[in-house]
$ cat structure.txt   # compact mmCIF, C-alpha atoms
# COMPACT_ATOMS: atom_id res chain seq x y z
CA MET A 279 -13.22 179.98 128.79
CA SER A 280 -16.46 179.75 130.64
CA ARG A 281 -18.74 182.73 130.80
CA ARG A 282 -18.30 182.84 134.54
CA ARG A 283 -14.51 183.07 134.37
CA LEU A 284 -14.75 185.81 131.71
CA ARG A 285 -17.16 187.70 133.95
CA LEU A 286 -14.80 187.44 136.91
CA LEU A 287 -11.83 188.61 134.80
CA LEU A 288 -13.87 191.63 133.69
CA PHE A 289 -14.99 192.22 137.24
CA VAL A 290 -11.48 192.70 138.68
CA PRO A 291 -10.54 195.96 136.89
CA VAL A 292 -14.08 197.33 137.05
CA ALA A 293 -14.33 196.59 140.77
CA ALA A 294 -10.96 198.20 141.41
CA VAL A 295 -12.13 201.42 139.74
CA LEU A 296 -15.51 201.23 141.52
CA ALA A 297 -13.84 200.59 144.89
CA GLY A 298 -11.57 203.59 144.35
CA VAL A 299 -14.42 205.93 143.46
CA LEU A 300 -16.66 204.56 146.22
CA MET A 301 -14.03 204.92 148.93
CA TRP A 302 -13.09 208.38 147.65
CA GLY A 303 -16.71 209.44 147.94
CA LEU A 304 -17.32 207.80 151.31
CA VAL A 305 -14.14 209.24 152.86
CA GLY A 306 -15.23 212.70 151.67
CA LEU A 307 -18.44 212.51 153.73
CA PRO A 308 -18.73 214.56 156.91
CA SER A 309 -16.73 212.76 159.60
CA PHE A 310 -18.57 210.15 161.67
CA GLY A 311 -20.44 211.67 164.60
CA SER A 312 -20.44 215.24 163.31
CA PRO A 313 -23.58 217.40 163.83
CA PRO A 314 -26.47 216.86 161.35
CA HIS A 315 -26.64 218.84 158.12
CA ALA A 316 -28.91 221.85 157.63
CA TYR A 317 -32.06 219.97 156.54
CA ALA A 318 -31.91 217.57 159.50
CA ALA A 319 -31.09 220.40 161.90
CA TYR A 320 -34.13 222.34 160.65
CA LEU A 321 -36.42 219.33 161.08
CA LEU A 322 -35.07 218.54 164.55
CA LYS A 323 -35.73 222.11 165.61
CA HIS A 324 -39.15 222.76 164.07
CA GLU A 325 -40.84 219.38 163.46
CA VAL A 326 -42.67 219.07 166.79
CA GLY A 327 -43.90 222.66 166.52
CA GLN A 328 -45.15 222.15 162.97
CA ARG A 329 -46.56 218.60 162.98
CA HIS A 330 -47.12 217.85 166.71
CA VAL A 331 -45.59 214.37 166.30
CA THR A 332 -42.92 213.21 168.75
CA ASN A 333 -41.38 210.51 166.52
CA ILE A 334 -39.49 212.70 164.06
CA PRO A 335 -38.58 209.95 161.53
CA SER A 336 -42.30 209.06 161.30
CA ALA A 337 -43.16 212.69 160.57
CA ILE A 338 -40.55 212.67 157.80
CA VAL A 339 -41.73 209.37 156.34
CA PHE A 340 -45.43 210.24 156.33
CA ASP A 341 -45.38 214.01 155.92
CA TYR A 342 -42.26 215.88 154.83
CA ARG A 343 -41.21 213.06 152.48
CA GLY A 344 -44.69 211.54 152.09
CA TRP A 345 -44.31 211.58 148.34
CA ASP A 346 -41.15 209.41 148.50
CA THR A 347 -42.95 207.00 150.81
CA LEU A 348 -45.74 206.69 148.24
CA GLY A 349 -43.03 205.57 145.80
CA GLU A 350 -41.74 203.03 148.32
CA GLU A 351 -45.27 201.77 148.93
CA LEU A 352 -45.79 201.25 145.23
CA ILE A 353 -42.48 199.34 144.96
CA LEU A 354 -43.72 197.16 147.81
CA PHE A 355 -47.10 196.68 146.18
CA THR A 356 -45.72 195.76 142.75
CA SER A 357 -43.07 193.43 144.23
CA VAL A 358 -45.71 191.52 146.17
CA MET A 359 -48.00 191.40 143.13
CA GLY A 360 -45.10 190.14 141.02
CA THR A 361 -44.27 187.45 143.58
CA ALA A 362 -47.88 186.32 143.81
CA LEU A 363 -48.39 186.32 140.04
CA LEU A 364 -45.16 184.41 139.35
CA LEU A 365 -45.74 181.74 141.96
CA ARG A 366 -49.49 181.34 141.45
CA ARG A 367 -49.25 180.97 137.69
CA GLY A 368 -46.63 178.27 137.56
CA ARG A 369 -48.17 176.10 140.24
CA GLU A 370 -49.92 172.88 139.38
CA ASP A 371 -53.05 172.54 141.42
CA THR A 372 -52.70 169.33 143.36
CA GLY A 373 -56.20 169.64 144.77
CA GLU A 374 -55.92 168.24 148.28
CA ARG A 375 -53.60 170.10 150.62
CA PRO A 376 -51.32 167.87 152.65
CA ARG A 377 -52.00 167.73 156.35
CA ASP A 378 -49.02 168.92 158.30
CA LYS A 379 -48.97 169.43 162.03
CA ALA A 380 -46.47 170.79 164.50
CA ALA A 381 -44.95 167.63 165.94
CA SER A 382 -43.73 168.94 169.27
CA ALA A 383 -46.14 169.91 172.04
CA ALA A 384 -43.71 172.60 173.24
CA VAL A 385 -43.77 174.25 169.80
CA ARG A 386 -47.57 174.03 169.67
CA HIS A 387 -48.11 175.61 173.07
CA ALA A 388 -45.40 178.27 172.89
CA GLY A 389 -46.51 179.14 169.37
CA ALA A 390 -50.18 179.38 170.31
CA PHE A 391 -49.20 181.69 173.16
CA LEU A 392 -47.06 183.83 170.85
CA VAL A 393 -49.72 184.39 168.15
CA PRO A 394 -51.76 186.95 170.14
CA VAL A 395 -48.62 188.41 171.75
CA VAL A 396 -46.95 189.06 168.40
CA LEU A 397 -50.16 190.42 166.89
CA LEU A 398 -50.65 192.78 169.81
CA LEU A 399 -47.01 193.88 169.66
CA GLY A 400 -47.46 194.64 165.95
CA ILE A 401 -50.66 196.63 166.45
CA TRP A 402 -49.05 198.52 169.33
CA THR A 403 -46.00 199.32 167.19
CA VAL A 404 -48.25 200.69 164.45
CA SER A 405 -50.60 202.63 166.70
CA TYR A 406 -47.86 204.37 168.68
CA GLY A 407 -45.75 204.73 165.55
CA TYR A 408 -45.85 208.51 165.53
CA LEU A 409 -45.23 208.93 169.27
CA THR A 410 -42.54 206.41 170.25
CA PRO A 411 -40.20 204.23 168.15
CA GLY A 412 -42.25 202.26 165.65
CA GLY A 413 -44.52 202.94 162.71
CA GLY A 414 -46.55 201.35 159.96
CA PHE A 415 -43.63 199.67 158.22
CA GLN A 416 -42.19 197.99 161.29
CA GLY A 417 -45.50 197.18 162.98
CA GLY A 418 -46.99 195.81 159.78
CA LEU A 419 -44.18 193.30 159.40
CA ILE A 420 -44.54 192.22 163.04
CA CYS A 421 -48.29 191.65 162.50
CA SER A 422 -47.57 189.45 159.51
CA GLY A 423 -45.24 187.44 161.75
CA ALA A 424 -48.28 186.43 163.79
CA ALA A 425 -49.71 184.74 160.70
CA LEU A 426 -46.48 182.77 160.35
CA PHE A 427 -46.77 181.64 163.97
CA LEU A 428 -50.19 180.19 163.10
CA TRP A 429 -48.40 177.82 160.75
CA ILE A 430 -45.55 177.06 163.13
CA ALA A 431 -47.83 176.35 166.09
CA GLY A 432 -50.80 174.91 164.24
CA SER A 433 -50.92 173.66 160.69
CA TYR A 434 -50.83 174.99 157.17
CA ARG A 435 -54.61 174.58 156.94
CA LEU A 436 -55.06 176.69 160.07
CA HIS A 437 -52.71 179.35 158.68
CA ARG A 438 -54.61 179.58 155.40
CA GLY A 439 -57.99 179.26 157.08
CA LEU A 440 -57.47 182.18 159.46
CA THR A 441 -55.93 184.42 156.80
CA PRO A 442 -58.28 183.93 153.83
CA THR A 443 -56.61 184.97 150.58
CA PRO A 444 -59.46 187.27 149.38
CA LEU A 445 -59.27 189.18 152.67
CA VAL A 446 -55.47 189.54 152.52
CA ASP A 447 -55.59 190.58 148.85
CA ALA A 448 -58.25 193.17 149.70
CA ALA A 449 -56.24 194.48 152.67
CA GLU A 450 -53.15 194.80 150.51
CA GLY A 451 -55.02 196.79 147.87
CA SER A 452 -56.98 198.96 150.28
CA GLY A 453 -53.82 199.86 152.23
CA ALA A 454 -52.23 201.24 149.08
CA ALA A 455 -55.51 202.86 148.02
CA ALA A 456 -55.98 204.50 151.44
CA TYR A 457 -52.53 206.10 151.17
CA ILE A 458 -53.37 207.62 147.78
CA ALA A 459 -56.89 208.55 148.93
CA THR A 460 -55.42 210.51 151.86
CA GLY A 461 -53.24 212.38 149.38
CA LEU A 462 -56.23 213.11 147.14
CA ALA A 463 -58.31 214.22 150.13
CA ALA A 464 -55.66 216.86 150.78
CA LEU A 465 -56.10 218.01 147.17
CA ALA A 466 -59.87 218.18 147.67
CA ALA A 467 -59.30 220.25 150.83
CA GLY A 468 -57.51 222.78 148.65
CA GLN A 469 -53.94 221.86 149.65
CA ALA A 470 -51.04 220.13 147.96
CA PHE A 471 -51.08 216.35 147.35
CA LEU A 472 -50.34 214.48 150.62
CA ALA A 473 -50.24 217.75 152.61
CA GLY A 474 -51.36 217.52 156.22
CA PHE A 475 -54.86 218.99 156.03
CA LEU A 476 -56.27 217.57 159.26
CA PRO A 477 -55.81 219.28 162.65
CA SER A 478 -52.51 218.22 164.24
CA GLY A 479 -53.91 217.65 167.74
CA THR A 480 -52.07 217.70 171.06
CA VAL A 481 -48.39 216.81 171.11
CA GLY A 482 -47.80 213.32 172.51
CA SER A 483 -51.41 212.08 172.34
CA LEU A 484 -52.74 209.29 170.12
CA LEU A 485 -54.96 211.85 168.38
CA SER A 486 -51.98 213.90 167.21
CA GLY A 487 -50.52 213.92 163.76
CA GLY A 488 -53.60 214.35 161.55
CA THR A 489 -52.78 212.77 158.19
CA ILE A 490 -49.58 211.24 159.62
CA ALA A 491 -51.73 208.92 161.73
CA LEU A 492 -53.91 207.98 158.74
CA LEU A 493 -50.96 207.29 156.45
CA ASN A 494 -49.28 205.34 159.25
CA TRP A 495 -52.29 203.02 159.54
CA ALA A 496 -52.65 202.68 155.77
CA THR A 497 -49.00 201.65 155.55
CA GLY A 498 -49.34 199.25 158.48
CA LEU A 499 -52.27 197.52 156.77
CA GLU A 500 -50.48 197.29 153.46
CA VAL A 501 -47.20 195.99 154.88
CA ALA A 502 -48.97 193.43 157.10
CA ALA A 503 -50.99 192.14 154.15
CA ALA A 504 -47.87 192.11 151.96
CA GLY A 505 -46.02 189.98 154.50
CA VAL A 506 -48.90 187.52 154.85
CA LEU A 507 -49.26 187.23 151.05
CA ILE A 508 -45.57 186.41 150.68
CA PHE A 509 -45.81 183.79 153.42
CA HIS A 510 -48.85 182.27 151.65
CA GLU A 511 -47.11 181.97 148.34
CA PHE A 512 -43.83 180.54 149.61
CA LEU A 513 -45.49 178.22 152.12
CA GLU A 514 -47.74 176.93 149.34
CA GLU A 515 -44.57 176.07 147.41
CA TYR A 516 -43.04 174.40 150.45
CA ILE A 517 -46.13 172.53 151.58
CA GLN A 518 -46.40 170.68 148.27
CA THR A 519 -43.14 168.95 149.11
CA VAL A 520 -44.48 167.71 152.48
CA PRO A 521 -45.70 164.13 152.22
CA ASN A 522 -49.03 163.23 153.76
CA PRO A 523 -48.43 161.71 157.17
CA SER A 524 -49.79 158.25 157.70
CA PRO A 525 -53.26 158.12 159.34
CA ARG A 526 -51.81 156.65 162.51
CA GLN A 527 -49.62 159.67 163.07
CA GLU A 528 -52.59 161.95 162.54
CA GLU A 529 -54.67 160.32 165.24
CA ARG A 530 -52.07 160.98 167.89
CA MET B 293 -11.11 206.48 162.95
CA SER B 294 -13.90 208.76 161.87
CA VAL B 295 -14.12 207.18 158.40
CA TYR B 296 -14.20 203.60 159.70
CA PRO B 297 -18.03 203.11 159.46
CA TYR B 298 -17.99 204.34 155.87
CA VAL B 299 -15.24 201.87 155.00
CA VAL B 300 -17.42 199.09 156.46
CA ALA B 301 -20.24 200.26 154.20
CA GLY B 302 -17.96 200.25 151.15
CA VAL B 303 -16.60 196.79 151.93
CA LEU B 304 -20.11 195.37 152.41
CA PHE B 305 -21.20 196.84 149.08
CA LEU B 306 -18.20 195.46 147.18
CA ALA B 307 -18.41 192.05 148.87
CA GLY B 308 -22.05 191.81 147.84
CA LEU B 309 -21.19 192.88 144.30
CA TYR B 310 -18.47 190.23 144.05
CA GLY B 311 -21.00 187.66 145.23
CA VAL B 312 -23.53 188.70 142.57
CA VAL B 313 -20.93 188.61 139.78
CA SER B 314 -19.41 185.27 140.75
CA SER B 315 -22.69 183.60 141.66
CA ARG B 316 -23.59 180.10 140.47
CA ASN B 317 -26.98 180.13 142.09
CA TYR B 318 -29.88 182.59 141.89
CA ILE B 319 -30.68 182.30 145.59
CA HIS B 320 -27.07 183.08 146.44
CA ALA B 321 -27.18 186.08 144.08
CA ALA B 322 -30.37 187.37 145.74
CA VAL B 323 -28.82 187.16 149.18
CA CYS B 324 -25.67 188.90 147.91
CA LEU B 325 -27.84 191.72 146.62
CA THR B 326 -29.26 192.22 150.12
CA VAL B 327 -25.68 192.32 151.44
CA MET B 328 -25.04 195.16 148.98
CA GLN B 329 -28.16 196.91 150.23
CA SER B 330 -26.97 196.53 153.82
CA GLY B 331 -23.89 198.51 152.80
CA THR B 332 -26.13 201.44 151.90
CA TYR B 333 -27.91 201.20 155.27
CA VAL B 334 -24.61 201.30 157.14
CA ALA B 335 -23.53 204.32 155.09
CA LEU B 336 -26.83 206.15 155.71
CA ILE B 337 -27.05 205.45 159.44
CA ALA B 338 -23.35 206.25 159.94
CA LEU B 339 -23.89 209.54 158.13
CA GLY B 340 -26.70 210.43 160.53
CA ALA B 341 -24.94 209.44 163.76
CA VAL B 342 -24.04 212.20 166.21
CA SER B 343 -21.41 211.61 168.90
CA GLY B 344 -23.03 211.47 172.33
CA GLY B 345 -26.41 211.73 170.65
CA GLN B 346 -29.80 210.14 171.18
CA ALA B 347 -32.68 208.89 169.00
CA PRO B 348 -34.62 211.67 167.22
CA ILE B 349 -37.77 211.03 169.24
CA THR B 350 -38.78 213.89 171.50
CA LYS B 351 -41.04 211.81 173.75
CA GLY B 352 -38.88 210.77 176.69
CA ALA B 353 -35.79 212.46 175.25
CA GLN B 354 -33.07 213.70 177.56
CA PRO B 355 -32.76 217.48 177.34
CA GLY B 356 -29.47 218.91 176.18
CA LYS B 357 -28.31 215.82 174.29
CA PRO B 358 -28.01 216.25 170.50
CA MET B 359 -30.30 214.14 168.30
CA ALA B 360 -29.24 211.92 165.42
CA ASP B 361 -30.19 212.86 161.86
CA PRO B 362 -33.83 211.72 161.40
CA VAL B 363 -33.83 212.03 157.59
CA VAL B 364 -31.42 209.18 156.91
CA GLN B 365 -33.21 207.04 159.50
CA ALA B 366 -36.52 207.60 157.72
CA LEU B 367 -34.89 206.64 154.40
CA THR B 368 -33.42 203.47 155.90
CA LEU B 369 -36.55 202.25 157.67
CA THR B 370 -38.72 202.35 154.57
CA ASP B 371 -36.02 200.69 152.52
CA VAL B 372 -35.45 197.80 154.95
CA VAL B 373 -39.06 196.69 154.52
CA VAL B 374 -39.01 197.20 150.77
CA SER B 375 -35.79 195.18 150.46
CA VAL B 376 -37.46 192.22 152.17
CA VAL B 377 -40.26 192.32 149.61
CA ALA B 378 -37.80 192.71 146.75
CA LEU B 379 -35.91 189.67 148.06
CA ALA B 380 -39.19 187.74 147.99
CA LEU B 381 -39.67 188.73 144.34
CA MET B 382 -36.15 187.54 143.48
CA LEU B 383 -36.73 184.23 145.25
CA ALA B 384 -39.98 183.82 143.31
CA LEU B 385 -38.02 184.36 140.09
CA ALA B 386 -35.48 181.75 141.24
CA GLN B 387 -38.31 179.33 141.96
CA GLN B 388 -39.74 179.88 138.47
CA SER B 389 -36.32 179.42 136.92
CA ARG B 390 -35.95 176.09 138.70
CA ARG B 391 -39.41 175.00 137.65
CA ARG B 392 -39.20 176.06 134.01
CA GLY B 393 -35.51 175.70 133.24
CA GLY B 394 -34.61 173.03 135.77
CA THR B 395 -31.62 175.01 137.03
CA LEU B 396 -30.68 177.79 139.40
CA ASP B 397 -27.35 178.53 137.70
CA PRO B 398 -27.55 181.82 135.76
CA ASP B 399 -25.06 180.56 133.15
CA GLU B 400 -26.89 177.32 132.55
CA LEU B 401 -30.20 179.11 132.36
CA ALA B 402 -28.85 181.23 129.50
CA ARG B 403 -28.63 178.02 127.47
CA VAL B 404 -32.17 176.91 128.28
CA ARG B 405 -34.57 177.77 125.47
CA GLY B 406 -38.25 178.58 125.57
$ encode --input "structure.txt" --output "structure tokens"
Amino acid sequence: MSRRRLRLLLFVPVAAVLAGVLMWGLVGLPSFGSPPHAYAAYLLKHEVGQRHVTNIPSAIVFDYRGWDTLGEELILFTSVMGTALLLRRGREDTGERPRDKAASAAVRHAGAFLVPVVLLLGIWTVSYGYLTPGGGFQGGLICSGAALFLWIAGSYRLHRGLTPTPLVDAAEGSGAAAYIATGLAALAAGQAFLAGFLPSGTVGSLLSGGTIALLNWATGLEVAAAGVLIFHEFLEEYIQTVPNPSPRQEER
Amino acid sequence: MSVYPYVVAGVLFLAGLYGVVSSRNYIHAAVCLTVMQSGTYVALIALGAVSGGQAPITKGAQPGKPMADPVVQALTLTDVVVSVVALALMLALAQQSRRRGGTLDPDELARVRG
């Protein structure tokens, strides 16, 4: 019997038990659409008064549960480091990078138009992250999408040239470091780690939030750099399989 | 009807688990793991939904309408981004397995030495 078949045979009874327990637990949850539990009700009622931030999930991510978000950030950081280390180590250096180029003029023009639009959308999503829907996590990923558009619209050389690896590596590290530094600054100000020690500002203005705004930007930087680093590593893998186009094609 | 979203979450989780167990390909297993994770997102967001509610953002909110649970939304939004990065790590492992062992099949890789 193959290992796979044995595994599937073992899976059937185990999955049946797991499905039973899982469904039992899920069915026992408060019914769908019922009012929020006490913790959420407290936050909904008092968050704006306490933190002066109109996007309540952002206030939770970067303030009330700022410690959990630090954990998430470190998972993100180590995953990206692991990806980069794994892919960089096993790669044979072929020296010359192949020249690839977007073949279609429509792709080139639409892509070139979308690069600044996507970048601006990402920065907007980060900067208004604590006022309206958005935040460092979402906006950061959108920003990294702009780097991908550089490859789609231009070439791999352009993509790597405009996002130099040392800069992206440094942004990734300093995003994570800025998050921890904000937490330590709260300690230095005589408060708990990651406590909001800066003035909260006026509700609904870009200057509101205090440390929430700082942590939001630190996260945006880190997530954007993480996305770009992942694109670098996987595109480098892909690009090695692209044959060099003949010189005639390149002249066109 | 009020348990229906939770059942969807449970089915997604189990379907992903079956995919991971029966997988013949690391890339397939990685994608199945994200299907499992999606089950947890559905469970979390369904738990936070309020009937007739609105997003928990006070700027531009309609007065009088109840707001959805912001805690589970905060949990989900950080995890969505982290799951993308974790998927990248798994794909990097698959790539290494192909390069070093010459295979993406978990069972065949167990027989590869060194």
$ residues_around --input "structure.txt" --residues "Leu367 (chain B)" --least-positions-apart "6" --cutoff "10 Å" --atoms "all atoms listed in the file" --output "compact mmCIF listing (two decimals) with C-alpha atoms, in the frame of the given file"
# COMPACT_ATOMS: atom_id res chain seq x y z
CA PRO A 335 -38.58 209.95 161.53
CA ILE A 338 -40.55 212.67 157.80
CA VAL A 339 -41.73 209.37 156.34
CA ARG A 343 -41.21 213.06 152.48
CA ASP A 346 -41.15 209.41 148.50
CA THR A 347 -42.95 207.00 150.81
CA GLU A 350 -41.74 203.03 148.32
CA TYR B 333 -27.91 201.20 155.27
CA LEU B 336 -26.83 206.15 155.71
CA ILE B 337 -27.05 205.45 159.44
$ atom_distance --input "structure.txt" --atom1 "CA of Ile353 (chain A)" --atom2 "CA of Leu379 (chain B)"
12.1 Å
$ closest_residue --input "structure.txt" --among "A:Ala424, A:Leu304, A:Ala337, A:Val446" --to "Leu492 (chain A)" --atoms "only C-alpha atoms"
A:Ala337
$ atom_distance --input "structure.txt" --atom1 "CA of Ser389 (chain B)" --atom2 "CA of Gly505 (chain A)"
22.7 Å
$ interface_residues --input "structure.txt" --of "chain A" --to "chain B" --cutoff "6 Å" --atoms "only C-alpha atoms" --output "PyMOL selection string"
chain A and resi 304-305+309-314+318+332-335+339+354+357+361
$ axis_aligned_box --input "structure.txt" --around "region 329-337 of chain B" --padding-each-side "8 Å" --output "lines of an AutoDock Vina configuration file"
center_x = -25.8
center_y = 201.3
center_z = 154.8
size_x = 20.6
size_y = 25.6
size_z = 25.2
$ atom_distance --input "structure.txt" --atom1 "CA of Leu286 (chain A)" --atom2 "CA of His320 (chain B)"
16.1 Å
$ closest_residue --input "structure.txt" --among "A:Leu472, A:Ile420, A:Val326, A:Ala390" --to "Trp402 (chain A)" --atoms "all atoms listed in the file"
A:Ile420
$ closest_residue --input "structure.txt" --among "B:Leu401, B:Ala386, B:Cys324, B:Leu396" --to "Val312 (chain B)" --atoms "all atoms listed in the file"
B:Cys324
$ closest_residue --input "structure.txt" --among "A:Phe471, A:Ser336, A:Leu499, A:Tyr342" --to "Thr368 (chain B)" --atoms "all atoms listed in the file"
A:Ser336
$ residues_near_point --input "structure.txt" --point "(-53.5, 210.9, 151.6)" --cutoff "8 Å" --atoms "only C-alpha atoms" --output "PyMOL selection string"
chain A and resi 456-464+471-473+489+492-493
